file protein-v7.txt (compact mmCIF, C-alpha atoms and all ligand atoms)
# COMPACT_ATOMS: atom_id res chain seq x y z
CA MET A 397 7.73 -0.62 -10.06
CA THR A 398 9.35 2.79 -10.25
CA SER A 399 8.61 6.19 -11.65
CA LEU A 400 11.87 6.26 -13.57
CA HIS A 401 10.38 6.95 -16.95
CA ASP A 402 9.47 10.17 -18.69
CA ARG A 403 5.87 9.37 -19.51
CA HIS A 404 4.38 12.10 -17.36
CA ILE A 405 2.37 15.18 -18.39
CA ASN A 406 3.54 18.52 -16.93
CA PRO A 407 5.23 16.77 -13.99
CA LEU A 408 6.45 18.69 -10.95
CA ILE A 409 7.49 16.26 -8.21
CA LEU A 410 8.66 13.49 -10.55
CA LYS A 411 10.27 15.72 -13.18
CA ASP A 412 13.83 14.98 -14.37
CA LEU A 413 14.57 12.21 -11.87
CA ASN A 414 17.05 9.50 -12.83
CA GLY A 415 17.51 7.53 -9.63
CA ASP A 416 20.86 9.12 -8.75
CA ASN A 417 19.90 12.79 -8.58
CA TRP A 418 18.06 12.66 -5.27
CA HIS A 419 20.85 14.39 -3.28
CA LEU A 420 20.55 17.91 -1.91
CA GLU A 421 23.03 19.25 -4.44
CA ASP A 422 20.89 17.94 -7.35
CA TYR A 423 17.68 19.22 -5.79
CA VAL A 424 19.19 22.70 -5.35
CA LYS A 425 20.28 22.65 -9.02
CA ARG A 426 16.66 21.94 -9.95
CA GLY A 427 15.60 25.05 -7.99
CA GLY A 428 15.11 23.26 -4.68
CA TYR A 429 14.89 25.15 -1.38
CA SER A 430 14.30 28.41 -3.27
CA ALA A 431 10.68 28.63 -2.05
CA LEU A 432 11.82 28.26 1.57
CA ARG A 433 14.61 30.77 1.00
CA ARG A 434 12.23 33.30 -0.54
CA ILE A 435 9.86 32.95 2.40
CA LEU A 436 12.53 33.30 5.09
CA GLU A 437 14.69 35.95 3.44
CA GLY A 438 11.82 37.86 1.86
CA GLY A 439 9.81 38.12 5.06
CA VAL A 440 6.75 36.35 3.61
CA THR A 441 4.21 36.06 6.40
CA GLN A 442 2.60 32.89 7.69
CA GLU A 443 -0.79 34.23 6.57
CA GLN A 444 0.51 34.79 3.04
CA VAL A 445 1.82 31.22 2.74
CA ILE A 446 -1.52 29.82 3.90
CA ALA A 447 -3.39 32.17 1.53
CA ASP A 448 -1.24 30.89 -1.36
CA LEU A 449 -1.99 27.31 -0.41
CA LYS A 450 -5.71 28.08 -0.42
CA ALA A 451 -5.47 29.85 -3.78
CA SER A 452 -3.61 26.91 -5.33
CA GLY A 453 -6.51 24.51 -4.78
CA LEU A 454 -4.13 21.86 -3.39
CA ARG A 455 -6.14 19.06 -1.79
CA GLY A 456 -4.78 16.30 0.43
CA ARG A 457 -3.21 13.60 -1.73
CA GLY A 458 -3.51 10.81 0.84
CA GLY A 459 -7.12 9.96 0.09
CA ALA A 460 -9.57 12.35 1.70
CA GLY A 461 -8.89 15.28 -0.65
CA PHE A 462 -9.34 17.89 2.08
CA PRO A 463 -8.14 21.40 1.09
CA THR A 464 -4.60 21.76 2.44
CA GLY A 465 -4.62 25.54 2.99
CA LEU A 466 -7.81 25.24 5.01
CA LYS A 467 -6.30 22.44 7.11
CA TRP A 468 -3.20 24.56 7.80
CA SER A 469 -5.43 27.44 8.87
CA PHE A 470 -6.95 25.25 11.60
CA MET A 471 -3.65 25.10 13.49
CA PRO A 472 -3.86 27.45 16.50
CA ARG A 473 -0.66 29.33 15.67
CA GLN A 474 -0.63 31.29 18.91
CA PHE A 475 -0.92 28.15 21.08
CA PRO A 476 1.81 28.68 23.69
CA GLY A 477 2.99 25.05 24.07
CA GLN A 478 4.59 22.56 21.70
CA LYS A 479 2.85 21.93 18.35
CA TYR A 480 3.71 19.18 15.87
CA LEU A 481 3.81 18.62 12.14
CA VAL A 482 3.48 15.02 10.96
CA CYS A 483 3.89 13.52 7.51
CA ASN A 484 1.99 10.33 6.77
CA THR A 485 4.22 8.09 4.62
CA ASP A 486 2.46 5.01 5.93
CA GLU A 487 1.11 3.90 2.56
CA GLY A 488 -0.04 0.32 2.90
CA GLU A 489 -3.23 0.01 0.91
CA PRO A 490 -3.20 -2.47 -1.98
CA GLY A 491 -2.35 -0.58 -5.17
CA THR A 492 -0.58 2.39 -3.57
CA PHE A 493 3.13 2.92 -4.17
CA LYS A 494 3.69 6.62 -4.91
CA ASP A 495 4.96 7.97 -1.58
CA ARG A 496 7.84 5.50 -1.42
CA ASP A 497 8.97 6.77 -4.84
CA ILE A 498 8.83 10.38 -3.64
CA ILE A 499 11.15 9.70 -0.70
CA ARG A 500 13.33 7.44 -2.82
CA TYR A 501 13.81 9.84 -5.72
CA ASN A 502 12.96 13.33 -4.47
CA PRO A 503 13.17 13.35 -0.65
CA HIS A 504 14.20 17.00 -0.40
CA ALA A 505 10.92 18.13 -1.97
CA LEU A 506 9.17 16.57 1.00
CA ILE A 507 11.63 18.08 3.49
CA GLU A 508 11.25 21.55 1.97
CA GLY A 509 7.45 21.22 1.90
CA MET A 510 7.40 20.22 5.56
CA ALA A 511 9.73 23.08 6.53
CA ILE A 512 7.42 25.54 4.74
CA GLY A 513 4.41 24.01 6.50
CA ALA A 514 6.15 24.27 9.85
CA TYR A 515 6.96 27.93 9.21
CA ALA A 516 3.39 28.71 8.11
CA MET A 517 1.88 27.11 11.21
CA GLY A 518 4.51 28.18 13.75
CA ILE A 519 5.66 24.61 14.44
CA THR A 520 9.18 23.68 15.55
CA VAL A 521 9.11 19.85 15.58
CA GLY A 522 8.04 17.39 12.89
CA TYR A 523 8.04 13.67 12.17
CA ASN A 524 7.76 11.64 9.01
CA TYR A 525 6.10 8.32 9.82
CA ILE A 526 7.31 5.84 7.18
CA HIS A 527 5.60 2.52 6.49
CA GLY A 528 7.38 -0.37 8.21
CA GLU A 529 7.75 -2.45 5.06
CA ILE A 530 9.81 0.11 3.10
CA PHE A 531 13.17 0.04 4.83
CA GLN A 532 15.45 1.26 2.00
CA GLU A 533 13.30 4.35 1.55
CA TYR A 534 13.45 5.02 5.27
CA LEU A 535 17.27 4.92 5.10
CA ARG A 536 17.22 7.20 2.05
CA PHE A 537 15.08 9.72 3.91
CA GLU A 538 17.43 9.63 6.93
CA GLU A 539 20.34 10.40 4.57
CA ALA A 540 18.42 13.30 3.03
CA LEU A 541 17.65 14.66 6.51
CA GLU A 542 21.36 14.60 7.33
CA GLU A 543 22.14 16.53 4.15
CA ALA A 544 19.48 19.14 4.90
CA ARG A 545 20.68 19.59 8.49
CA ALA A 546 24.31 19.95 7.38
CA ALA A 547 23.33 22.61 4.82
CA GLY A 548 21.30 24.59 7.33
CA PHE A 549 17.87 23.87 5.78
CA LEU A 550 16.76 22.14 8.98
CA GLY A 551 17.64 22.74 12.60
CA ASP A 552 18.12 25.97 14.52
CA ASN A 553 17.88 29.39 12.84
CA ILE A 554 17.33 28.08 9.32
CA MET A 555 19.18 30.21 6.74
CA GLY A 556 20.08 32.70 9.45
CA SER A 557 16.43 33.43 10.26
CA ASN A 558 14.74 33.10 13.62
CA PHE A 559 12.80 30.06 12.35
CA SER A 560 13.89 26.68 13.74
CA PHE A 561 12.50 23.29 12.74
CA GLN A 562 13.68 19.86 13.89
CA LEU A 563 12.49 17.08 11.56
CA HIS A 564 12.82 13.37 12.37
CA ALA A 565 12.04 10.14 10.52
CA HIS A 566 10.14 7.39 12.29
CA HIS A 567 10.08 3.89 10.85
CA GLY A 568 6.65 2.35 11.44
CA TYR A 569 5.63 -1.24 12.04
CA GLY A 570 3.88 -2.29 8.82
CA ALA A 571 0.27 -2.32 10.00
CA TYR A 572 -2.17 -0.86 7.48
CA ILE A 573 -4.22 0.76 10.23
CA CYS A 574 -1.27 2.98 11.21
CA GLY A 575 -1.99 4.97 8.04
CA GLU A 576 -5.17 6.19 9.80
CA GLU A 577 -4.01 9.48 11.26
CA THR A 578 -4.94 8.95 14.89
CA ALA A 579 -3.61 5.36 14.89
CA LEU A 580 -0.42 6.81 13.43
CA LEU A 581 -0.20 9.27 16.31
CA GLU A 582 -0.72 6.49 18.86
CA SER A 583 2.00 4.45 17.17
CA LEU A 584 4.33 7.45 17.06
CA GLU A 585 3.82 7.83 20.81
CA GLY A 586 5.01 4.23 21.21
CA LYS A 587 1.59 2.72 21.83
CA LYS A 588 -0.44 0.10 19.96
CA GLY A 589 -1.54 1.66 16.66
CA GLN A 590 -5.30 1.90 17.16
CA PRO A 591 -7.50 4.77 15.95
CA ARG A 592 -8.81 7.26 18.50
CA PHE A 593 -12.37 8.45 18.87
CA LYS A 594 -12.92 11.81 17.12
CA PRO A 595 -13.52 14.53 18.20
CA PRO A 596 -11.19 15.81 19.47
CA PHE A 597 -9.39 16.10 16.15
CA PRO A 598 -5.58 16.23 15.85
CA ALA A 599 -5.65 19.99 15.13
CA SER A 600 -6.50 20.50 18.81
CA PHE A 601 -5.46 17.18 20.43
CA GLY A 602 -2.84 15.38 18.37
CA LEU A 603 0.60 14.01 19.13
CA TYR A 604 1.13 13.84 22.91
CA GLY A 605 -2.18 15.68 23.20
CA LYS A 606 -0.82 18.78 21.47
CA PRO A 607 -2.10 20.59 18.34
CA THR A 608 -0.89 18.62 15.32
CA THR A 609 -1.24 18.92 11.56
CA ILE A 610 -0.91 15.72 9.51
CA ASN A 611 -0.53 15.65 5.73
CA ASN A 612 0.37 13.05 3.16
CA THR A 613 3.85 12.82 1.59
CA GLU A 614 2.71 13.92 -1.87
CA THR A 615 0.81 16.88 -0.40
CA PHE A 616 3.90 18.25 1.34
CA ALA A 617 6.13 17.50 -1.67
CA ALA A 618 3.85 19.56 -3.94
CA VAL A 619 4.14 22.70 -1.78
CA PRO A 620 7.55 24.06 -2.97
CA PHE A 621 6.55 23.59 -6.62
CA LEU A 622 3.22 25.33 -6.30
CA LEU A 623 4.81 28.28 -4.47
CA ASN A 624 7.57 28.55 -7.09
CA MET A 625 5.18 28.57 -10.03
CA GLY A 626 2.56 30.67 -8.26
CA PRO A 627 -0.71 29.35 -6.83
CA GLU A 628 -2.81 30.52 -9.79
CA ASN A 629 -0.57 28.73 -12.29
CA TYR A 630 -0.67 25.59 -10.17
CA MET A 631 -4.46 25.74 -10.01
CA ALA A 632 -4.61 26.29 -13.78
CA LEU A 633 -2.69 23.05 -14.39
CA GLY A 634 -5.75 21.12 -13.28
CA LYS A 635 -9.35 22.25 -13.32
CA PRO A 636 -11.53 24.23 -10.89
CA ASN A 637 -11.67 22.59 -7.46
CA ASN A 638 -9.00 20.14 -8.68
CA GLY A 639 -5.81 22.17 -8.89
CA GLY A 640 -2.35 20.94 -9.87
CA THR A 641 -0.89 17.58 -10.75
CA LYS A 642 -1.40 14.19 -9.14
CA ILE A 643 0.72 11.06 -9.11
CA PHE A 644 -1.27 8.02 -10.20
CA SER A 645 0.08 4.59 -9.34
CA ILE A 646 -1.27 2.33 -12.04
CA SER A 647 -1.06 -1.43 -11.58
CA GLY A 648 -2.75 -4.59 -12.75
CA ASP A 649 -3.30 -5.61 -16.36
CA VAL A 650 -1.48 -2.79 -18.16
CA GLU A 651 1.71 -3.00 -20.20
CA ARG A 652 3.73 -0.50 -18.12
CA PRO A 653 2.62 -0.31 -14.50
CA GLY A 654 4.23 2.48 -12.47
CA ASN A 655 3.83 6.02 -11.18
CA TYR A 656 2.62 8.69 -13.62
CA GLU A 657 2.30 12.36 -12.67
CA VAL A 658 -0.37 14.14 -14.72
CA PRO A 659 -2.63 17.19 -14.22
CA LEU A 660 -5.85 16.51 -12.37
CA GLY A 661 -8.64 16.24 -14.92
CA THR A 662 -6.55 14.22 -17.41
CA PRO A 663 -8.78 11.65 -19.13
CA PHE A 664 -8.32 8.13 -17.79
CA ALA A 665 -7.92 6.97 -21.39
CA LYS A 666 -4.80 9.16 -21.62
CA LEU A 667 -3.31 7.58 -18.50
CA MET A 668 -3.95 4.17 -20.05
CA GLU A 669 -2.12 5.32 -23.15
CA LEU A 670 0.90 6.43 -21.05
CA ALA A 671 0.84 3.06 -19.31
CA GLY A 672 1.00 1.27 -22.66
CA GLY A 673 -2.62 0.13 -22.79
CA MET A 674 -4.02 -3.22 -21.75
CA ARG A 675 -1.51 -6.02 -21.37
CA GLY A 676 -1.69 -8.48 -24.24
CA GLY A 677 -4.33 -6.38 -25.99
CA LYS A 678 -7.10 -7.77 -23.77
CA LYS A 679 -10.35 -5.93 -23.05
CA ILE A 680 -10.67 -3.73 -19.98
CA LYS A 681 -13.23 -5.07 -17.56
CA ALA A 682 -12.99 -3.17 -14.28
CA VAL A 683 -11.03 -0.39 -12.62
CA ILE A 684 -10.56 0.46 -8.96
CA PRO A 685 -9.52 4.11 -9.33
CA GLY A 686 -8.41 5.19 -5.86
CA GLY A 687 -6.85 2.39 -3.85
CA SER A 688 -8.54 -0.86 -2.90
CA SER A 689 -11.18 0.80 -0.71
CA ALA A 690 -12.58 2.80 -3.64
CA PRO A 691 -15.65 1.28 -5.29
CA VAL A 692 -14.90 -0.64 -8.48
CA ILE A 693 -16.10 0.90 -11.77
CA ARG A 694 -16.87 -0.94 -14.99
CA GLY A 695 -14.05 -0.50 -17.50
CA GLU A 696 -16.15 1.13 -20.22
CA VAL A 697 -17.43 3.76 -17.75
CA MET A 698 -13.91 4.52 -16.51
CA MET A 699 -12.62 4.95 -20.07
CA ASP A 700 -15.00 7.94 -20.34
CA THR A 701 -14.06 9.45 -16.98
CA ASP A 702 -11.53 12.17 -16.15
CA LEU A 703 -9.03 11.73 -13.33
CA ASP A 704 -10.15 14.33 -10.82
CA TYR A 705 -12.00 14.22 -7.52
CA ASP A 706 -15.35 15.39 -8.92
CA SER A 707 -15.46 13.33 -12.12
CA ILE A 708 -14.58 10.09 -10.35
CA ALA A 709 -17.15 10.82 -7.64
CA LYS A 710 -19.75 11.35 -10.38
CA ALA A 711 -18.82 7.98 -11.87
CA GLY A 712 -19.56 6.38 -8.48
CA SER A 713 -16.13 6.01 -6.89
CA MET A 714 -13.32 8.01 -5.29
CA LEU A 715 -9.98 9.36 -6.47
CA GLY A 716 -8.54 8.43 -3.06
CA SER A 717 -4.76 8.11 -3.10
CA GLY A 718 -4.66 7.80 -6.91
CA ALA A 719 -3.87 4.08 -6.90
CA VAL A 720 -5.47 2.77 -10.08
CA ILE A 721 -5.94 -1.00 -10.31
CA VAL A 722 -6.88 -2.18 -13.81
CA MET A 723 -8.46 -5.60 -14.42
CA ASP A 724 -8.92 -7.26 -17.79
CA GLU A 725 -11.68 -9.51 -19.08
CA THR A 726 -10.12 -12.66 -17.61
CA ARG A 727 -10.37 -11.45 -14.01
CA CYS A 728 -12.95 -13.04 -11.78
CA MET A 729 -14.69 -10.41 -9.68
CA VAL A 730 -15.59 -12.90 -6.95
CA LYS A 731 -11.96 -13.89 -6.57
CA SER A 732 -10.90 -10.23 -6.62
CA LEU A 733 -13.38 -9.41 -3.87
CA LEU A 734 -12.20 -12.43 -1.90
CA ARG A 735 -8.67 -11.00 -1.84
CA LEU A 736 -9.86 -7.53 -0.89
CA SER A 737 -12.13 -8.85 1.85
CA TYR A 738 -9.30 -10.90 3.30
CA PHE A 739 -7.07 -7.83 3.42
CA TYR A 740 -9.55 -5.77 5.45
CA TYR A 741 -10.42 -8.72 7.69
CA GLU A 742 -6.69 -9.20 8.39
CA GLU A 743 -6.03 -5.50 8.98
CA SER A 744 -9.02 -4.63 11.21
CA CYS A 745 -7.62 -3.53 14.55
CA GLY A 746 -10.56 -5.16 16.33
CA GLN A 747 -11.62 -2.21 18.47
CA CYS A 748 -15.19 -1.94 17.25
CA THR A 749 -17.68 -4.75 16.76
CA PRO A 750 -19.14 -3.93 13.30
CA CYS A 751 -15.66 -3.86 11.76
CA ARG A 752 -14.09 -6.70 13.77
CA GLU A 753 -17.01 -9.11 13.25
CA GLY A 754 -18.32 -7.74 9.94
CA THR A 755 -15.05 -7.94 7.99
CA GLY A 756 -14.59 -11.60 8.97
CA TRP A 757 -18.23 -12.38 8.21
CA MET A 758 -18.02 -10.81 4.74
CA TYR A 759 -14.74 -12.59 4.02
CA ARG A 760 -16.17 -15.99 4.98
CA MET A 761 -19.26 -15.42 2.82
CA VAL A 762 -17.26 -14.38 -0.26
CA HIS A 763 -14.97 -17.37 0.40
CA ARG A 764 -17.88 -19.78 0.28
CA ILE A 765 -19.31 -18.20 -2.89
CA GLU A 766 -15.90 -18.47 -4.56
CA HIS A 767 -15.62 -22.10 -3.52
CA GLY A 768 -19.02 -23.18 -4.83
CA LYS A 769 -20.87 -23.18 -1.53
CA GLY A 770 -22.77 -19.90 -1.86
CA ARG A 771 -26.53 -19.62 -1.26
CA PRO A 772 -28.93 -17.36 -3.19
CA GLU A 773 -29.70 -15.35 -0.05
CA ASP A 774 -25.99 -14.55 0.40
CA MET A 775 -26.18 -11.61 -1.99
CA ASP A 776 -28.68 -9.70 0.13
CA LEU A 777 -26.97 -10.73 3.34
CA LEU A 778 -23.60 -9.47 2.09
CA ASN A 779 -25.14 -6.13 1.17
CA ASN A 780 -26.86 -5.98 4.52
CA ILE A 781 -23.65 -6.59 6.47
CA ALA A 782 -21.80 -3.97 4.42
CA PHE A 783 -24.60 -1.47 5.00
CA ASN A 784 -24.50 -2.09 8.74
CA ILE A 785 -20.75 -1.57 8.99
CA LYS A 786 -20.68 1.74 7.14
CA GLY A 787 -20.74 4.81 9.37
CA ARG A 788 -20.89 2.74 12.56
CA THR A 789 -17.20 2.41 13.33
CA ILE A 790 -14.46 4.46 14.98
CA CYS A 791 -12.42 4.90 11.81
CA ALA A 792 -12.82 4.65 8.06
CA LEU A 793 -11.48 1.09 7.76
CA GLY A 794 -15.00 -0.19 8.32
CA ASP A 795 -16.29 1.85 5.37
CA ALA A 796 -13.23 0.86 3.34
CA ALA A 797 -14.08 -2.81 3.84
CA ALA A 798 -17.78 -2.36 3.09
CA MET A 799 -17.57 -0.20 -0.04
CA PRO A 800 -15.78 -2.73 -2.31
CA VAL A 801 -18.37 -5.37 -1.36
CA GLU A 802 -21.31 -3.12 -2.25
CA ALA A 803 -19.72 -1.91 -5.48
CA MET A 804 -18.71 -5.38 -6.69
CA ILE A 805 -22.23 -6.68 -6.15
CA LYS A 806 -23.79 -3.61 -7.75
CA ASN A 807 -21.58 -3.61 -10.84
CA PHE A 808 -20.91 -7.33 -11.33
CA ARG A 809 -23.92 -9.01 -9.71
CA GLU A 810 -24.25 -11.49 -12.57
CA GLU A 811 -20.85 -13.01 -11.75
CA PHE A 812 -21.78 -13.59 -8.12
CA GLU A 813 -25.14 -15.11 -9.09
CA TYR A 814 -23.45 -17.36 -11.65
CA HIS A 815 -20.95 -18.58 -9.04
CA ILE A 816 -23.78 -19.38 -6.64
CA GLU A 817 -25.94 -21.17 -9.22
CA HIS A 818 -23.25 -23.06 -11.13
CA LYS A 819 -20.66 -23.51 -8.36
CA HIS A 820 -17.89 -22.21 -10.61
CA CYS A 821 -16.73 -19.08 -12.39
CA LEU A 822 -18.43 -17.30 -15.27
CA VAL A 823 -15.10 -16.13 -16.66
CA PRO A 824 -13.74 -18.64 -19.22
CA ALA A 825 -10.13 -18.38 -17.98
CA TYR A 826 -11.16 -19.83 -14.66
CA LEU A 827 -13.25 -22.75 -16.00
FE1 LIG B 1 -10.33 -0.73 14.32
FE2 LIG B 1 -11.95 -1.35 12.30
FE3 LIG B 1 -12.87 0.05 14.34
FE4 LIG B 1 -11.11 1.16 12.63
S1 LIG B 1 -13.19 0.51 12.14
S2 LIG B 1 -11.10 1.31 14.85
S3 LIG B 1 -9.86 -0.66 12.15
S4 LIG B 1 -12.10 -2.08 14.42

call {"tool": "encode", "arguments": {"input": "protein-v7.txt", "output": "structure tokens"}}
result
Amino acid sequence: MTSLHDRHINPLILKDLNGDNWHLEDYVKRGGYSALRRILEGGVTQEQVIADLKASGLRGRGGAGFPTGLKWSFMPRQFPGQKYLVCNTDEGEPGTFKDRDIIRYNPHALIEGMAIGAYAMGITVGYNYIHGEIFQEYLRFEEALEEARAAGFLGDNIMGSNFSFQLHAHHGYGAYICGEETALLESLEGKKGQPRFKPPFPASFGLYGKPTTINNTETFAAVPFLLNMGPENYMALGKPNNGGTKIFSISGDVERPGNYEVPLGTPFAKLMELAGGMRGGKKIKAVIPGGSSAPVIRGEVMMDTDLDYDSIAKAGSMLGSGAVIVMDETRCMVKSLLRLSYFYYEESCGQCTPCREGTGWMYRMVHRIEHGKGRPEDMDLLNNIAFNIKGRTICALGDAAAMPVEAMIKNFREEFEYHIEHKHCLVPAYL
């Protein structure tokens, strides 16, 4: 799946890309590196850049949706020792595939965004941690780094200024948990990728114990565009508290799966239209709107929901990373949950008991329901296990494993009960 189509609405990051025009020369022709140039040559202060970020309403595109300008303001700029900037391109959650397209088709947007971030926070060294299973994209990013260094957009005294920034790519190891920011830092330090206890947070104790700011690929890539168009105009693209555009990775039972960049607040029905509607004209049954950890929503509810942080939260789920998984009327929810449960069971790092034991326990229970061996009391027990994992673990993987279980049972309870009573699926396609 690629983003190489023009079915976007007001795109910024994915605009005018054809697969070949990723080089520095092409990016500069599209206006690239002009935001960085304006900052360095125009004497724009660090405070002004951070103020613009705040005014733009940009929120973290990796899942949490934390305001980016506020996060950048947490960096102790006057800290005398080394500070680090880290980009999280470790996308490994089922349904997510946007960040790999950004570094494949527009890598210089990310490099420029990181350089601006480094300037704003007084940082001289950065890393982009790239998911271990996307090797071609890692090579592409290395090539783009070489181009930027050769042109003087990275390295010492960028564009003749007194700002220096060394940026490196790091190819990860393919574990989902390394997308959790503190596990990523451990992995970057060469250790086993396991989440750290928080606090302390990375802003004060990050990479090698130094102050570190971590943002998602799409977040950094949006920065040059929002500065070029002006923070107010960027904010106005979306809606209040949901500024700008967002890349949605739509997959599942649609005619044209792929990455679509649209303003936040676009109706989900419009995204479905861009993606060609339901495959084979079938009826929509369920949607997971924000990556596999986001609670599933019934299709008819989602069709009336806008794609922004607040509207999706109101509908009972999360915008997350913008990975939209669409399921049609032939999909069995028990089987879907079985696959999701197996993923989290497999990817638990095993550090804390509720997650290590609970994910396996939930998987085995869903497995027996799917295979006709479920018991009526399993429904309550599943809910109980999920409830007792949530909020009792070191990192969010525990919650991510529990939320799909709760939401599937809440929204599609009748399918689970039918499986338990009749020992087979309610959905005709599976009979
Ligand atoms: Fe590891 Fe799971 Fe605990 Fe996260 S919640 S630290 S993945 S065991």

call {"tool": "closest_atom_pairs", "arguments": {"input": "protein-v7.txt", "of": "chain A", "to": "ligand LIG 1 (chain B)", "cutoff": "12 Å", "atoms": "all atoms listed in the file", "output": "tab-separated table"}}
result
residue	atom	partner	partner_atom	distance
A:Ala571	CA	B:LIG1	S3	10.5
A:Tyr572	CA	B:LIG1	S3	9.0
A:Ile573	CA	B:LIG1	S3	6.1
A:Cys574	CA	B:LIG1	S3	9.4
A:Gly575	CA	B:LIG1	S3	10.5
A:Glu576	CA	B:LIG1	FE4	8.3
A:Glu577	CA	B:LIG1	FE4	11.0
A:Thr578	CA	B:LIG1	S2	9.8
A:Ala579	CA	B:LIG1	S2	8.5
A:Lys588	CA	B:LIG1	FE1	11.4
A:Gly589	CA	B:LIG1	FE1	9.4
A:Gln590	CA	B:LIG1	S2	6.3
A:Pro591	CA	B:LIG1	S2	5.1
A:Arg592	CA	B:LIG1	S2	7.3
A:Phe593	CA	B:LIG1	S2	8.3
A:Lys594	CA	B:LIG1	S2	10.9
A:Phe739	CA	B:LIG1	S3	11.6
A:Tyr740	CA	B:LIG1	S3	8.4
A:Tyr741	CA	B:LIG1	FE2	8.8
A:Glu742	CA	B:LIG1	S3	9.9
A:Glu743	CA	B:LIG1	S3	6.9
A:Ser744	CA	B:LIG1	S3	4.2
A:Cys745	CA	B:LIG1	FE1	3.9
A:Gly746	CA	B:LIG1	S4	3.9
A:Gln747	CA	B:LIG1	S4	4.1
A:Cys748	CA	B:LIG1	S4	4.2
A:Thr749	CA	B:LIG1	S4	6.6
A:Pro750	CA	B:LIG1	S4	7.4
A:Cys751	CA	B:LIG1	FE2	4.5
A:Arg752	CA	B:LIG1	S4	5.1
A:Glu753	CA	B:LIG1	S4	8.7
A:Gly754	CA	B:LIG1	FE2	9.3
A:Thr755	CA	B:LIG1	FE2	8.5
A:Gly756	CA	B:LIG1	FE2	11.1
A:Ile785	CA	B:LIG1	S1	8.5
A:Lys786	CA	B:LIG1	S1	9.1
A:Gly787	CA	B:LIG1	S1	9.1
A:Arg788	CA	B:LIG1	S1	8.0
A:Thr789	CA	B:LIG1	S1	4.6
A:Ile790	CA	B:LIG1	S2	4.6
A:Cys791	CA	B:LIG1	FE4	4.0
A:Ala792	CA	B:LIG1	S1	5.8
A:Leu793	CA	B:LIG1	S1	4.7
A:Gly794	CA	B:LIG1	S1	4.3
A:Asp795	CA	B:LIG1	S1	7.6
A:Ala796	CA	B:LIG1	S1	8.8
A:Ala797	CA	B:LIG1	FE2	8.8
A:Ala798	CA	B:LIG1	S1	10.5

call {"tool": "residues_around", "arguments": {"input": "protein-v7.txt", "residues": "region 439-447 of chain A", "least_positions_apart": "3", "cutoff": "9 Å", "atoms": "all atoms listed in the file", "output": "ChimeraX atom specification"}}
result
/A:434-436,450-452,464-466,468-469,512-513,515-518,623

call {"tool": "closest_residue", "arguments": {"input": "protein-v7.txt", "among": "A:Tyr501, A:Leu432, A:Phe812, A:Pro772", "to": "Cys728 (chain A)", "atoms": "all atoms listed in the file"}}
result
A:Phe812

call {"tool": "residues_around", "arguments": {"input": "protein-v7.txt", "residues": "region 679-691 of chain A", "least_positions_apart": "4", "cutoff": "7 Å", "atoms": "all atoms listed in the file", "output": "number ranges by chain"}}
result
A: 489-492, 674, 695, 698, 713-725, 796-797, 799-800, 803

call {"tool": "atom_distance", "arguments": {"input": "protein-v7.txt", "atom1": "CA of Gly605 (chain A)", "atom2": "CA of Asp486 (chain A)"}}
result
20.8 Å

call {"tool": "closest_residue", "arguments": {"input": "protein-v7.txt", "among": "A:Tyr705, A:Tyr759, A:Phe470, A:Tyr525", "to": "Thr613 (chain A)", "atoms": "all atoms listed in the file"}}
result
A:Tyr525

call {"tool": "residues_around", "arguments": {"input": "protein-v7.txt", "residues": "Asp702 (chain A)", "least_positions_apart": "2", "cutoff": "7 Å", "atoms": "all atoms listed in the file", "output": "list in words"}}
result
Gly661, Thr662, Pro663, Phe664, Asp700, Asp704, Ser707 and Ile708 of chain A

call {"tool": "atom_distance", "arguments": {"input": "protein-v7.txt", "atom1": "CA of Met761 (chain A)", "atom2": "CA of Val692 (chain A)"}}
result
19.1 Å

call {"tool": "residues_around", "arguments": {"input": "protein-v7.txt", "residues": "Gly456 (chain A)", "least_positions_apart": "3", "cutoff": "8 Å", "atoms": "only C-alpha atoms", "output": "VMD selection string"}}
result
chain A and resid 459 to 464 611 to 612 615

call {"tool": "residues_around", "arguments": {"input": "protein-v7.txt", "residues": "Gly427 (chain A)", "least_positions_apart": "3", "cutoff": "12 Å", "atoms": "only C-alpha atoms", "output": "ChimeraX atom specification"}}
result
/A:408-409,411,420-424,430-434,504-505,508,620-621,623-625

call {"tool": "atom_distance", "arguments": {"input": "protein-v7.txt", "atom1": "CA of Arg536 (chain A)", "atom2": "CA of Phe559 (chain A)"}}
result
25.5 Å

call {"tool": "closest_residue", "arguments": {"input": "protein-v7.txt", "among": "A:Phe549, A:Pro598, A:Leu603, A:Ile498", "to": "Glu585 (chain A)", "atoms": "all atoms listed in the file"}}
result
A:Leu603

call {"tool": "closest_residue", "arguments": {"input": "protein-v7.txt", "among": "A:Gly428, A:Gly626, A:Gly673, A:Pro607", "to": "Gly648 (chain A)", "atoms": "only C-alpha atoms"}}
result
A:Gly673

call {"tool": "closest_residue", "arguments": {"input": "protein-v7.txt", "among": "A:Arg403, A:Lys819, A:His767, A:Lys666", "to": "Lys731 (chain A)", "atoms": "all atoms listed in the file"}}
result
A:His767

call {"tool": "closest_residue", "arguments": {"input": "protein-v7.txt", "among": "A:Tyr480, A:Met510, A:Gln474, A:Ala709", "to": "Gly602 (chain A)", "atoms": "all atoms listed in the file"}}
result
A:Tyr480

call {"tool": "closest_atom_pairs", "arguments": {"input": "protein-v7.txt", "of": "region 424-522 of chain A", "to": "region 412-416 of chain A", "cutoff": "10 Å", "atoms": "all atoms listed in the file", "output": "JSON lines"}}
result
{"residue": "A:Arg426", "atom": "CA", "partner": "A:Asp412", "partner_atom": "CA", "distance": 8.7}
{"residue": "A:Asp497", "atom": "CA", "partner": "A:Gly415", "partner_atom": "CA", "distance": 9.8}
{"residue": "A:Arg500", "atom": "CA", "partner": "A:Gly415", "partner_atom": "CA", "distance": 8.0}
{"residue": "A:Tyr501", "atom": "CA", "partner": "A:Gly415", "partner_atom": "CA", "distance": 5.9}
{"residue": "A:Asn502", "atom": "CA", "partner": "A:Leu413", "partner_atom": "CA", "distance": 7.7}
